[in-house]
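**Student:** Data: input.txt, compact mmCIF, N, CA and C atoms and all ligand atoms.
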```
# COMPACT_ATOMS: atom_id res chain seq x y z
N MET A 1 10.44 15.90 7.93
CA MET A 1 10.67 14.59 7.31
C MET A 1 11.00 14.76 5.84
N ALA A 2 11.92 13.97 5.34
CA ALA A 2 12.29 14.03 3.93
C ALA A 2 11.10 13.65 3.07
N ASP A 3 11.01 14.26 1.89
CA ASP A 3 9.88 13.90 1.04
C ASP A 3 10.06 12.48 0.51
N GLY A 4 8.98 11.93 -0.03
CA GLY A 4 8.94 10.54 -0.43
C GLY A 4 10.08 10.13 -1.36
N ASN A 5 10.38 10.98 -2.35
CA ASN A 5 11.39 10.61 -3.33
C ASN A 5 12.78 10.55 -2.73
N GLN A 6 13.07 11.53 -1.87
CA GLN A 6 14.36 11.56 -1.21
C GLN A 6 14.52 10.30 -0.36
N ARG A 7 13.43 9.95 0.32
CA ARG A 7 13.48 8.77 1.18
C ARG A 7 13.71 7.51 0.35
N ILE A 8 13.05 7.44 -0.80
CA ILE A 8 13.22 6.26 -1.66
C ILE A 8 14.67 6.19 -2.16
N ASP A 9 15.24 7.33 -2.54
CA ASP A 9 16.64 7.34 -2.98
C ASP A 9 17.56 6.80 -1.89
N ASP A 10 17.33 7.26 -0.67
CA ASP A 10 18.15 6.81 0.46
C ASP A 10 18.03 5.31 0.67
N ILE A 11 16.79 4.82 0.57
CA ILE A 11 16.55 3.40 0.80
C ILE A 11 17.23 2.57 -0.29
N VAL A 12 17.18 3.06 -1.54
CA VAL A 12 17.83 2.35 -2.64
C VAL A 12 19.33 2.20 -2.35
N VAL A 13 19.95 3.27 -1.89
CA VAL A 13 21.38 3.22 -1.55
C VAL A 13 21.63 2.14 -0.50
N ARG A 14 20.77 2.10 0.52
CA ARG A 14 20.97 1.13 1.60
C ARG A 14 20.67 -0.30 1.16
N LEU A 15 19.68 -0.45 0.29
CA LEU A 15 19.38 -1.79 -0.23
C LEU A 15 20.57 -2.32 -1.03
N ARG A 16 21.20 -1.43 -1.80
CA ARG A 16 22.38 -1.84 -2.57
C ARG A 16 23.49 -2.26 -1.62
N GLU A 17 23.64 -1.53 -0.51
CA GLU A 17 24.66 -1.89 0.48
C GLU A 17 24.37 -3.27 1.08
N HIS A 18 23.07 -3.63 1.13
CA HIS A 18 22.69 -4.95 1.62
C HIS A 18 22.84 -6.00 0.54
N GLY A 19 23.37 -5.60 -0.60
CA GLY A 19 23.62 -6.55 -1.68
C GLY A 19 22.42 -6.84 -2.56
N MET A 20 21.39 -6.01 -2.47
CA MET A 20 20.22 -6.25 -3.30
C MET A 20 20.38 -5.54 -4.65
N ARG A 21 20.11 -6.29 -5.70
CA ARG A 21 20.16 -5.71 -7.03
C ARG A 21 18.84 -5.01 -7.27
N MET A 22 18.90 -3.72 -7.62
CA MET A 22 17.65 -2.97 -7.78
C MET A 22 17.11 -3.14 -9.19
N THR A 23 16.13 -4.00 -9.33
CA THR A 23 15.46 -4.21 -10.61
C THR A 23 14.26 -3.26 -10.68
N PRO A 24 13.74 -3.02 -11.89
CA PRO A 24 12.54 -2.17 -12.00
C PRO A 24 11.38 -2.70 -11.15
N GLN A 25 11.30 -4.04 -11.04
CA GLN A 25 10.25 -4.65 -10.24
C GLN A 25 10.38 -4.26 -8.77
N ARG A 26 11.62 -4.33 -8.27
CA ARG A 26 11.82 -3.98 -6.85
C ARG A 26 11.59 -2.50 -6.61
N MET A 27 11.96 -1.68 -7.62
CA MET A 27 11.67 -0.25 -7.52
C MET A 27 10.17 -0.02 -7.41
N ALA A 28 9.41 -0.81 -8.18
CA ALA A 28 7.95 -0.66 -8.16
C ALA A 28 7.40 -1.03 -6.78
N VAL A 29 8.00 -2.06 -6.15
CA VAL A 29 7.58 -2.43 -4.79
C VAL A 29 7.84 -1.28 -3.83
N LEU A 30 9.04 -0.69 -3.95
CA LEU A 30 9.39 0.45 -3.11
C LEU A 30 8.42 1.60 -3.29
N ASN A 31 8.16 1.93 -4.56
CA ASN A 31 7.28 3.06 -4.85
C ASN A 31 5.87 2.83 -4.33
N THR A 32 5.46 1.56 -4.30
CA THR A 32 4.12 1.24 -3.82
C THR A 32 4.03 1.39 -2.31
N LEU A 33 5.12 1.06 -1.63
CA LEU A 33 5.08 1.00 -0.17
C LEU A 33 5.49 2.29 0.54
N ILE A 34 6.58 2.89 0.06
CA ILE A 34 7.20 3.97 0.84
C ILE A 34 6.39 5.26 0.73
N GLY A 35 6.10 5.83 1.87
CA GLY A 35 5.33 7.06 1.90
C GLY A 35 3.85 6.83 1.73
N ASN A 36 3.48 5.56 1.61
CA ASN A 36 2.07 5.23 1.41
C ASN A 36 1.33 5.24 2.74
N LYS A 37 0.21 5.94 2.76
CA LYS A 37 -0.57 6.02 3.99
C LYS A 37 -1.49 4.82 4.16
N GLU A 38 -1.61 4.06 3.10
CA GLU A 38 -2.42 2.85 3.20
C GLU A 38 -1.62 1.79 3.92
N HIS A 39 -2.28 0.72 4.28
CA HIS A 39 -1.60 -0.39 4.92
C HIS A 39 -1.88 -1.62 4.08
N LEU A 40 -0.88 -2.06 3.35
CA LEU A 40 -1.09 -3.08 2.33
C LEU A 40 -0.50 -4.42 2.76
N SER A 41 -1.17 -5.49 2.36
CA SER A 41 -0.63 -6.83 2.54
C SER A 41 0.33 -7.12 1.39
N ALA A 42 1.15 -8.15 1.56
CA ALA A 42 2.07 -8.54 0.48
C ALA A 42 1.28 -8.85 -0.79
N GLU A 43 0.11 -9.48 -0.62
CA GLU A 43 -0.73 -9.81 -1.77
C GLU A 43 -1.23 -8.55 -2.47
N ALA A 44 -1.61 -7.55 -1.69
CA ALA A 44 -2.10 -6.30 -2.28
C ALA A 44 -0.99 -5.57 -3.03
N ILE A 45 0.23 -5.61 -2.45
CA ILE A 45 1.37 -5.00 -3.14
C ILE A 45 1.61 -5.73 -4.45
N HIS A 46 1.55 -7.05 -4.37
CA HIS A 46 1.74 -7.89 -5.55
C HIS A 46 0.74 -7.52 -6.65
N ASP A 47 -0.53 -7.38 -6.27
CA ASP A 47 -1.56 -7.03 -7.24
C ASP A 47 -1.24 -5.72 -7.96
N ARG A 48 -0.79 -4.72 -7.18
CA ARG A 48 -0.52 -3.41 -7.77
C ARG A 48 0.68 -3.43 -8.69
N VAL A 49 1.76 -4.08 -8.20
CA VAL A 49 2.98 -4.08 -9.00
C VAL A 49 2.78 -4.91 -10.26
N ARG A 50 1.94 -5.94 -10.16
CA ARG A 50 1.68 -6.82 -11.29
C ARG A 50 1.00 -6.09 -12.45
N ALA A 51 0.33 -4.99 -12.15
CA ALA A 51 -0.32 -4.22 -13.21
C ALA A 51 0.73 -3.74 -14.22
N ASP A 52 1.93 -3.40 -13.71
CA ASP A 52 3.00 -2.94 -14.60
C ASP A 52 3.99 -4.05 -14.95
N TYR A 53 4.17 -4.99 -14.02
CA TYR A 53 5.14 -6.07 -14.23
C TYR A 53 4.44 -7.42 -14.03
N PRO A 54 3.73 -7.88 -15.06
CA PRO A 54 2.91 -9.08 -14.92
C PRO A 54 3.70 -10.31 -14.47
N MET A 55 5.03 -10.33 -14.72
CA MET A 55 5.82 -11.52 -14.41
C MET A 55 6.31 -11.57 -12.97
N ILE A 56 6.10 -10.51 -12.20
CA ILE A 56 6.67 -10.48 -10.85
C ILE A 56 6.01 -11.53 -9.97
N GLY A 57 6.83 -12.25 -9.21
CA GLY A 57 6.31 -13.30 -8.33
C GLY A 57 6.13 -12.77 -6.92
N LEU A 58 5.27 -13.45 -6.19
CA LEU A 58 5.02 -13.08 -4.80
C LEU A 58 6.31 -13.18 -3.97
N ALA A 59 7.18 -14.11 -4.35
CA ALA A 59 8.44 -14.30 -3.61
C ALA A 59 9.30 -13.04 -3.64
N THR A 60 9.31 -12.35 -4.78
CA THR A 60 10.06 -11.10 -4.89
C THR A 60 9.50 -10.05 -3.94
N ILE A 61 8.18 -10.01 -3.83
CA ILE A 61 7.53 -9.07 -2.92
C ILE A 61 7.97 -9.38 -1.49
N TYR A 62 7.85 -10.66 -1.11
CA TYR A 62 8.19 -11.04 0.26
C TYR A 62 9.64 -10.72 0.59
N LYS A 63 10.52 -10.98 -0.38
CA LYS A 63 11.93 -10.77 -0.13
C LYS A 63 12.23 -9.29 0.08
N THR A 64 11.67 -8.45 -0.79
CA THR A 64 11.89 -7.01 -0.70
C THR A 64 11.30 -6.47 0.61
N VAL A 65 10.08 -6.93 0.90
CA VAL A 65 9.39 -6.45 2.09
C VAL A 65 10.15 -6.86 3.36
N SER A 66 10.67 -8.09 3.40
CA SER A 66 11.32 -8.52 4.63
C SER A 66 12.64 -7.78 4.84
N LEU A 67 13.31 -7.45 3.75
CA LEU A 67 14.54 -6.66 3.88
C LEU A 67 14.23 -5.24 4.37
N LEU A 68 13.18 -4.65 3.83
CA LEU A 68 12.77 -3.31 4.25
C LEU A 68 12.39 -3.30 5.73
N LYS A 69 11.77 -4.39 6.15
CA LYS A 69 11.36 -4.52 7.54
C LYS A 69 12.59 -4.62 8.44
N GLU A 70 13.55 -5.43 8.01
CA GLU A 70 14.81 -5.58 8.76
C GLU A 70 15.52 -4.24 8.89
N MET A 71 15.45 -3.43 7.84
CA MET A 71 16.11 -2.13 7.84
C MET A 71 15.32 -1.09 8.64
N GLY A 72 14.13 -1.47 9.08
CA GLY A 72 13.32 -0.56 9.88
C GLY A 72 12.61 0.51 9.06
N GLU A 73 12.52 0.30 7.74
CA GLU A 73 11.88 1.30 6.89
C GLU A 73 10.37 1.14 6.84
N ILE A 74 9.91 -0.08 7.08
CA ILE A 74 8.47 -0.30 7.12
C ILE A 74 8.14 -1.08 8.40
N THR A 75 6.89 -0.99 8.81
CA THR A 75 6.45 -1.67 10.01
C THR A 75 5.47 -2.76 9.62
N GLU A 76 5.61 -3.92 10.23
CA GLU A 76 4.66 -4.99 9.98
C GLU A 76 3.59 -4.97 11.05
N LEU A 77 2.35 -5.00 10.62
CA LEU A 77 1.24 -5.01 11.55
C LEU A 77 0.53 -6.35 11.44
N ASN A 78 0.40 -7.04 12.56
CA ASN A 78 -0.28 -8.33 12.54
C ASN A 78 -1.59 -8.25 13.30
N PHE A 79 -2.62 -8.79 12.69
CA PHE A 79 -3.93 -8.80 13.33
C PHE A 79 -4.46 -10.22 13.42
N ASP A 80 -5.63 -10.35 14.04
CA ASP A 80 -6.19 -11.66 14.33
C ASP A 80 -6.35 -12.54 13.09
N ASN A 81 -6.71 -11.93 11.98
CA ASN A 81 -6.93 -12.72 10.76
C ASN A 81 -5.62 -13.20 10.13
N ASP A 82 -4.56 -13.15 10.90
CA ASP A 82 -3.16 -13.41 10.55
C ASP A 82 -2.74 -13.06 9.13
N CYS A 83 -3.18 -11.91 8.72
CA CYS A 83 -2.71 -11.34 7.48
C CYS A 83 -1.84 -10.15 7.87
N ALA A 84 -0.56 -10.20 7.51
CA ALA A 84 0.34 -9.11 7.88
C ALA A 84 0.18 -7.94 6.92
N LEU A 85 0.08 -6.75 7.48
CA LEU A 85 -0.02 -5.55 6.65
C LEU A 85 1.23 -4.71 6.87
N TYR A 86 1.62 -3.99 5.84
CA TYR A 86 2.84 -3.21 5.92
C TYR A 86 2.57 -1.73 5.85
N ASP A 87 3.21 -1.03 6.76
CA ASP A 87 3.06 0.40 6.90
C ASP A 87 4.36 1.06 6.45
N GLY A 88 4.29 1.81 5.36
CA GLY A 88 5.49 2.44 4.82
C GLY A 88 5.52 3.93 5.03
N SER A 89 4.69 4.41 5.98
CA SER A 89 4.58 5.86 6.16
C SER A 89 5.86 6.45 6.73
N GLY A 90 6.69 5.63 7.36
CA GLY A 90 7.94 6.12 7.93
C GLY A 90 7.75 6.76 9.29
N GLU A 91 6.50 6.87 9.72
CA GLU A 91 6.26 7.45 11.04
C GLU A 91 5.95 6.31 12.01
N SER A 92 7.00 5.62 12.44
CA SER A 92 6.74 4.49 13.30
C SER A 92 7.50 4.62 14.61
N PRO A 93 6.96 4.02 15.66
CA PRO A 93 5.63 3.44 15.73
C PRO A 93 4.56 4.51 15.95
N HIS A 94 3.35 4.18 15.56
CA HIS A 94 2.24 5.11 15.77
C HIS A 94 0.95 4.33 15.98
N PRO A 95 -0.02 4.95 16.65
CA PRO A 95 -1.28 4.25 16.91
C PRO A 95 -2.14 4.08 15.65
N HIS A 96 -2.94 3.03 15.65
CA HIS A 96 -3.83 2.77 14.53
C HIS A 96 -5.26 2.60 14.99
N PHE A 97 -6.17 2.96 14.10
CA PHE A 97 -7.56 2.62 14.29
C PHE A 97 -7.94 1.55 13.27
N ILE A 98 -8.57 0.49 13.73
CA ILE A 98 -8.97 -0.59 12.82
C ILE A 98 -10.48 -0.75 12.87
N CYS A 99 -11.12 -0.64 11.71
CA CYS A 99 -12.56 -0.86 11.65
C CYS A 99 -12.83 -2.36 11.58
N SER A 100 -13.60 -2.86 12.54
CA SER A 100 -13.81 -4.31 12.58
C SER A 100 -14.83 -4.76 11.54
N GLN A 101 -15.43 -3.80 10.84
CA GLN A 101 -16.40 -4.18 9.83
C GLN A 101 -15.79 -4.22 8.42
N CYS A 102 -15.11 -3.14 8.04
CA CYS A 102 -14.54 -3.11 6.68
C CYS A 102 -13.02 -3.31 6.70
N ASN A 103 -12.44 -3.47 7.92
CA ASN A 103 -11.00 -3.71 8.08
C ASN A 103 -10.10 -2.56 7.61
N THR A 104 -10.68 -1.38 7.44
CA THR A 104 -9.87 -0.22 7.10
C THR A 104 -8.94 0.10 8.26
N ILE A 105 -7.70 0.43 7.95
CA ILE A 105 -6.74 0.80 8.98
C ILE A 105 -6.31 2.24 8.77
N LEU A 106 -6.43 3.02 9.82
CA LEU A 106 -6.09 4.43 9.73
C LEU A 106 -4.96 4.75 10.70
N ASP A 107 -4.05 5.62 10.28
CA ASP A 107 -3.06 6.16 11.21
C ASP A 107 -3.74 7.20 12.06
N ILE A 108 -3.42 7.20 13.34
CA ILE A 108 -3.99 8.22 14.22
C ILE A 108 -2.89 9.23 14.54
N ASP A 109 -3.11 10.45 14.13
CA ASP A 109 -2.17 11.52 14.46
C ASP A 109 -2.73 12.28 15.64
N ASP A 110 -2.17 12.04 16.79
CA ASP A 110 -2.67 12.70 17.98
C ASP A 110 -1.51 13.01 18.92
N ALA A 111 -1.35 14.28 19.23
CA ALA A 111 -0.20 14.72 20.02
C ALA A 111 -0.18 14.06 21.40
N ASP A 112 -1.37 13.88 22.01
CA ASP A 112 -1.44 13.26 23.34
C ASP A 112 -0.90 11.85 23.30
N LEU A 113 -1.30 11.12 22.24
CA LEU A 113 -0.86 9.72 22.14
C LEU A 113 0.63 9.64 21.84
N GLU A 114 1.13 10.63 21.11
CA GLU A 114 2.55 10.61 20.78
C GLU A 114 3.42 10.76 22.02
N SER A 115 2.88 11.46 23.03
CA SER A 115 3.68 11.65 24.24
C SER A 115 3.58 10.46 25.18
N LEU A 116 2.67 9.53 24.87
CA LEU A 116 2.42 8.38 25.73
C LEU A 116 3.67 7.52 25.99
N PRO A 117 4.41 7.13 24.95
CA PRO A 117 5.60 6.31 25.23
C PRO A 117 6.57 7.00 26.19
N GLY A 118 6.74 8.30 26.02
CA GLY A 118 7.62 9.06 26.90
C GLY A 118 7.14 9.00 28.34
N GLU A 119 5.83 9.14 28.52
CA GLU A 119 5.26 9.08 29.87
C GLU A 119 5.43 7.70 30.49
N VAL A 120 5.15 6.68 29.68
CA VAL A 120 5.29 5.30 30.17
C VAL A 120 6.74 5.04 30.56
N SER A 121 7.65 5.48 29.72
CA SER A 121 9.07 5.30 29.98
C SER A 121 9.45 5.99 31.30
N HIS A 122 8.94 7.20 31.47
CA HIS A 122 9.23 7.98 32.66
C HIS A 122 8.72 7.27 33.92
N LYS A 123 7.48 6.74 33.83
CA LYS A 123 6.85 6.13 34.99
C LYS A 123 7.46 4.78 35.34
N THR A 124 7.86 4.02 34.33
CA THR A 124 8.31 2.65 34.58
C THR A 124 9.82 2.50 34.62
N GLY A 125 10.54 3.49 34.09
CA GLY A 125 11.98 3.36 34.00
C GLY A 125 12.43 2.49 32.83
N TYR A 126 11.46 2.00 32.05
CA TYR A 126 11.81 1.21 30.87
C TYR A 126 12.25 2.13 29.75
N GLU A 127 13.20 1.66 29.00
CA GLU A 127 13.53 2.37 27.78
C GLU A 127 12.65 1.76 26.69
N ILE A 128 11.73 2.56 26.15
CA ILE A 128 10.78 2.04 25.16
C ILE A 128 11.46 1.98 23.79
N THR A 129 11.51 0.80 23.21
CA THR A 129 12.10 0.69 21.88
C THR A 129 11.03 0.58 20.81
N ASN A 130 9.85 0.14 21.21
CA ASN A 130 8.78 -0.02 20.24
C ASN A 130 7.47 -0.11 21.03
N PHE A 131 6.37 0.20 20.38
CA PHE A 131 5.08 -0.02 21.04
C PHE A 131 4.01 -0.22 20.00
N ARG A 132 2.92 -0.83 20.44
CA ARG A 132 1.76 -0.99 19.56
C ARG A 132 0.54 -0.50 20.27
N LEU A 133 -0.24 0.28 19.59
CA LEU A 133 -1.47 0.81 20.17
C LEU A 133 -2.53 0.75 19.07
N ASP A 134 -3.48 -0.14 19.26
CA ASP A 134 -4.53 -0.33 18.25
C ASP A 134 -5.89 -0.04 18.86
N PHE A 135 -6.67 0.73 18.16
CA PHE A 135 -8.05 0.99 18.56
C PHE A 135 -8.97 0.24 17.60
N PHE A 136 -9.87 -0.56 18.15
CA PHE A 136 -10.81 -1.29 17.30
C PHE A 136 -12.20 -0.70 17.44
N GLY A 137 -12.92 -0.65 16.35
CA GLY A 137 -14.27 -0.10 16.42
C GLY A 137 -14.90 -0.07 15.04
N ILE A 138 -15.89 0.81 14.90
CA ILE A 138 -16.60 0.93 13.63
C ILE A 138 -16.32 2.32 13.07
N CYS A 139 -15.84 2.38 11.84
CA CYS A 139 -15.50 3.67 11.23
C CYS A 139 -16.78 4.44 10.87
N PRO A 140 -16.68 5.77 10.70
CA PRO A 140 -17.87 6.58 10.40
C PRO A 140 -18.63 6.07 9.18
N ASN A 141 -17.89 5.62 8.19
CA ASN A 141 -18.49 5.12 6.96
C ASN A 141 -19.41 3.92 7.23
N CYS A 142 -18.88 2.96 7.99
CA CYS A 142 -19.67 1.78 8.31
C CYS A 142 -20.83 2.13 9.23
N GLN A 143 -20.62 3.08 10.14
CA GLN A 143 -21.71 3.51 11.02
C GLN A 143 -22.89 4.02 10.20
N LYS A 144 -22.55 4.78 9.14
CA LYS A 144 -23.58 5.33 8.26
C LYS A 144 -24.34 4.20 7.56
N ASN A 145 -23.55 3.23 7.08
CA ASN A 145 -24.17 2.12 6.35
C ASN A 145 -25.02 1.23 7.25
N ASN A 146 -24.71 1.27 8.55
CA ASN A 146 -25.43 0.40 9.48
C ASN A 146 -26.83 0.92 9.80
N THR A 147 -27.01 2.22 9.62
CA THR A 147 -28.30 2.80 10.04
C THR A 147 -29.33 2.77 8.91
ZN ZN B 201 -15.50 0.53 8.32
ZN ZN B 202 0.14 3.31 10.01
```
So that I can check it, write out the structure of this file as structure tokens.
**Tutor:**
Amino acid sequence: MADGNQRIDDIVVRLREHGMRMTPQRMAVLNTLIGNKEHLSAEAIHDRVRADYPMIGLATIYKTVSLLKEMGEITELNFDNDCALYDGSGESPHPHFICSQCNTILDIDDADLESLPGEVSHKTGYEITNFRLDFFGICPNCQKNNT
């Protein structure tokens, strides 16, 4: 996989092709999201970018994020609390673990799970274009705090 900076350069080129003017604010949104292993909401991205660009509006975040989503560069994750989180790791789709206590979201890197879509496709004859696999439970940290 290309390193984070190379990927950001590529995305900038494509965003320009989509007619987006690359302002320092939008660059900051990109830098916050792309290659990030965290899963951030638009509000969380806004908070971070605002540290450097106090004037940036939430609308700019939403616009940049929705274009990135359309381009397939980030994945939107929706959960019950209807707060959308964005995954910019570039490894999509992939399974997630969600702690129901602290709401931490972790990427699960597991070779067995990675072969799952292929197996499902083989068994059903479906061509898999996307999938979601979420594990809910209590993370080790919260387990410790519970005892
Ligand atoms: Zn937890
Ligand atoms: Zn993820």
**Student:** Grab the atom N of Ile74 in chain A to CA of Asn141 in chain A distance for me, in Å with one decimal place.
**Tutor:**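 These two atoms are separated by 28.9 Å.
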**Student:** Throw together the list of residues within 8 Å of ligand ZN 202 (chain B), counting only N, CA and C atoms and all ligand atoms, and drop it here as a list in words.
**Tutor:** Asn36, Lys37, Glu38, His39, Tyr86, Asp87, Gly88, Ser89, Gly90, Glu91, Ser92, Pro93, His94, Pro95, His96, Phe97, Ile105, Leu106, Asp107 and Ile108 of chain A
**Student:** Which residue out of A:Gln143, A:Gly125, A:Leu30, A:Ser115 has the minimum interatomic distance to Thr64 in chain A when all atoms listed in the file are used?
**Tutor:**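 Comparing A:Gln143, A:Gly125, A:Leu30, A:Ser115 against Thr64 in chain A, the winner is A:Leu30.
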**Student:** Please check which residues have atoms at most 9 Å from (-4.5, -6.7, 8.4) in the file's coordinates, counting only C-alpha atoms, and write them as a VMD selection string.
**Tutor:** chain A and resid 39 to 41 77 to 86 98 103 to 105
**Student:** Select, from A:Asp134, A:Glu76, A:Asp52, A:Asp47, the residue with the minimum atom-to-atom distance to Pro24 in chain A, counting only C-alpha atoms.
**Tutor:** A:Asp52
**Student:** I need the residue nearest ligand ZN 201 (chain B) from this list: A:Ser100, A:Glu114, A:Leu68, A:Val120. Use all atoms listed in the file for the distance.
**Tutor:**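 The answer is A:Ser100, which sits nearest to ligand ZN 201 (chain B).
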**Student:** Taking the DSSP secondary structure from the backbone, can you list the residues of range 8-139 of chain A that are alpha helix (DSSP H), as a VMD selection string?
**Tutor:** chain A and resid 8 to 17 24 to 33 42 to 52 58 to 70 111 to 114 116 to 124
**Student:** List every residue of chain A that has an atom at most 6 Å from any atom of ligand ZN 201 (chain B), and for each one report the closest atom pair and its distance in Å to one decimal, counting only C-alpha atoms and all ligand atoms, with rows sorted by chain and then by increasing residue number, as a Markdown table.
**Tutor:**
```
| residue | atom | partner | partner_atom | distance |
| --- | --- | --- | --- | --- |
| A:Cys99 | CA | B:ZN201 | ZN | 4.7 |
| A:Gln101 | CA | B:ZN201 | ZN | 5.0 |
| A:Cys102 | CA | B:ZN201 | ZN | 4.1 |
| A:Thr104 | CA | B:ZN201 | ZN | 5.8 |
| A:Ile138 | CA | B:ZN201 | ZN | 5.4 |
| A:Cys139 | CA | B:ZN201 | ZN | 4.3 |
| A:Asn141 | CA | B:ZN201 | ZN | 5.6 |
| A:Cys142 | CA | B:ZN201 | ZN | 4.4 |
```
**Student:** Quick one: write out the picked residues with N, CA and C atoms as a PDB file, keeping the file's coordinate frame?
**Tutor:**
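Saved to again_11.pdb:
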```pdb
ATOM      1  N   CYS A  99     -11.120  -0.640  11.710  1.00  0.00           N
ATOM      2  CA  CYS A  99     -12.560  -0.860  11.650  1.00  0.00           C
ATOM      3  C   CYS A  99     -12.830  -2.360  11.580  1.00  0.00           C
ATOM      4  N   GLN A 101     -15.430  -3.800  10.840  1.00  0.00           N
ATOM      5  CA  GLN A 101     -16.400  -4.180   9.830  1.00  0.00           C
ATOM      6  C   GLN A 101     -15.790  -4.220   8.420  1.00  0.00           C
ATOM      7  N   CYS A 102     -15.110  -3.140   8.040  1.00  0.00           N
ATOM      8  CA  CYS A 102     -14.540  -3.110   6.680  1.00  0.00           C
ATOM      9  C   CYS A 102     -13.020  -3.310   6.700  1.00  0.00           C
ATOM     10  N   THR A 104     -10.680  -1.380   7.440  1.00  0.00           N
ATOM     11  CA  THR A 104      -9.870  -0.220   7.100  1.00  0.00           C
ATOM     12  C   THR A 104      -8.940   0.100   8.260  1.00  0.00           C
ATOM     13  N   ILE A 138     -15.890   0.810  14.900  1.00  0.00           N
ATOM     14  CA  ILE A 138     -16.600   0.930  13.630  1.00  0.00           C
ATOM     15  C   ILE A 138     -16.320   2.320  13.070  1.00  0.00           C
ATOM     16  N   CYS A 139     -15.840   2.380  11.840  1.00  0.00           N
ATOM     17  CA  CYS A 139     -15.500   3.670  11.230  1.00  0.00           C
ATOM     18  C   CYS A 139     -16.780   4.440  10.870  1.00  0.00           C
ATOM     19  N   ASN A 141     -17.890   5.620   8.190  1.00  0.00           N
ATOM     20  CA  ASN A 141     -18.490   5.120   6.960  1.00  0.00           C
ATOM     21  C   ASN A 141     -19.410   3.920   7.230  1.00  0.00           C
ATOM     22  N   CYS A 142     -18.880   2.960   7.990  1.00  0.00           N
ATOM     23  CA  CYS A 142     -19.670   1.780   8.310  1.00  0.00           C
ATOM     24  C   CYS A 142     -20.830   2.130   9.230  1.00  0.00           C
TER      25      CYS A 142
END
```
**Student:** Give me, please, the distance in Å between CA of Leu15 in chain A and CA of Ala59 in chain A, quoted to one decimal.
**Tutor:**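 Interatomic distance, CA of Leu15 in chain A to CA of Ala59 in chain A: 17.0 Å.
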**Student:** Between CA of Thr75 in chain A and CA of Leu116 in chain A, what is the spacing in Å?
**Tutor:**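 Result for CA of Leu116 in chain A versus CA of Thr75 in chain A: 19.1 Å, one decimal.
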**Student:** Run DSSP on the backbone and give me the residues of chain A it puts in strand (DSSP E), as a list in words.
**Tutor:**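 Written out, the strand (DSSP E) residues of chain A are Leu40, Ser41, Thr75, Glu76, Leu77, Asn78, Ala84, Leu85, Tyr86, Asp87, His96, Phe97, Ile98, Cys99, Ile105, Leu106, Asp107, Asp134, Phe135, Phe136 and Gly137 of chain A.
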**Student:** Between A:Lys63, A:Met71, A:Arg48, A:Ser121, which has the minimum distance to Glu17 in chain A (counting only C-alpha atoms)?
**Tutor:**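 Distance minimum relative to Glu17 in chain A lands on A:Met71.
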**Student:** Residues within 7 Å of Val49 in chain A, please, as a list in words. Count all atoms listed in the file; anything in the same chain fewer than 6 positions from it doesn't count.
**Tutor:**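 Surrounding residues, per the criterion: Ala28, Val29 and Ile56 of chain A.
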**Student:** Pull N, CA and C atoms from the residues just selected and write them as a short mmCIF file (atom, residue, chain, number, x, y, z; two decimals), in the frame of the given file.
**Tutor:**
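again-v3.cif written:
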```cif
data_model
loop_
_atom_site.label_atom_id
_atom_site.label_comp_id
_atom_site.auth_asym_id
_atom_site.auth_seq_id
_atom_site.Cartn_x
_atom_site.Cartn_y
_atom_site.Cartn_z
N ALA A 28 9.41 -0.81 -8.18
CA ALA A 28 7.95 -0.66 -8.16
C ALA A 28 7.40 -1.03 -6.78
N VAL A 29 8.00 -2.06 -6.15
CA VAL A 29 7.58 -2.43 -4.79
C VAL A 29 7.84 -1.28 -3.83
N ILE A 56 6.10 -10.51 -12.20
CA ILE A 56 6.67 -10.48 -10.85
C ILE A 56 6.01 -11.53 -9.97
#
```
**Student:** Would you give the centre and edge lengths, in Å to one decimal, of a box along x, y and z around the listed atoms of range 111-120 of chain A, with 5 Å added to each side, as JSON?
**Tutor:**
```
{"center_x": 3.1, "center_y": 9.9, "center_z": 24.9, "size_x": 19.1, "size_y": 19.7, "size_z": 21.3}
```
**Student:** So which one's closest to Glu43 in chain A, A:Glu73, A:Arg14, A:Gly137, A:Tyr62? Using only N, CA and C atoms, please.
**Tutor:**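 Selected residue with least distance to Glu43 in chain A: A:Tyr62.
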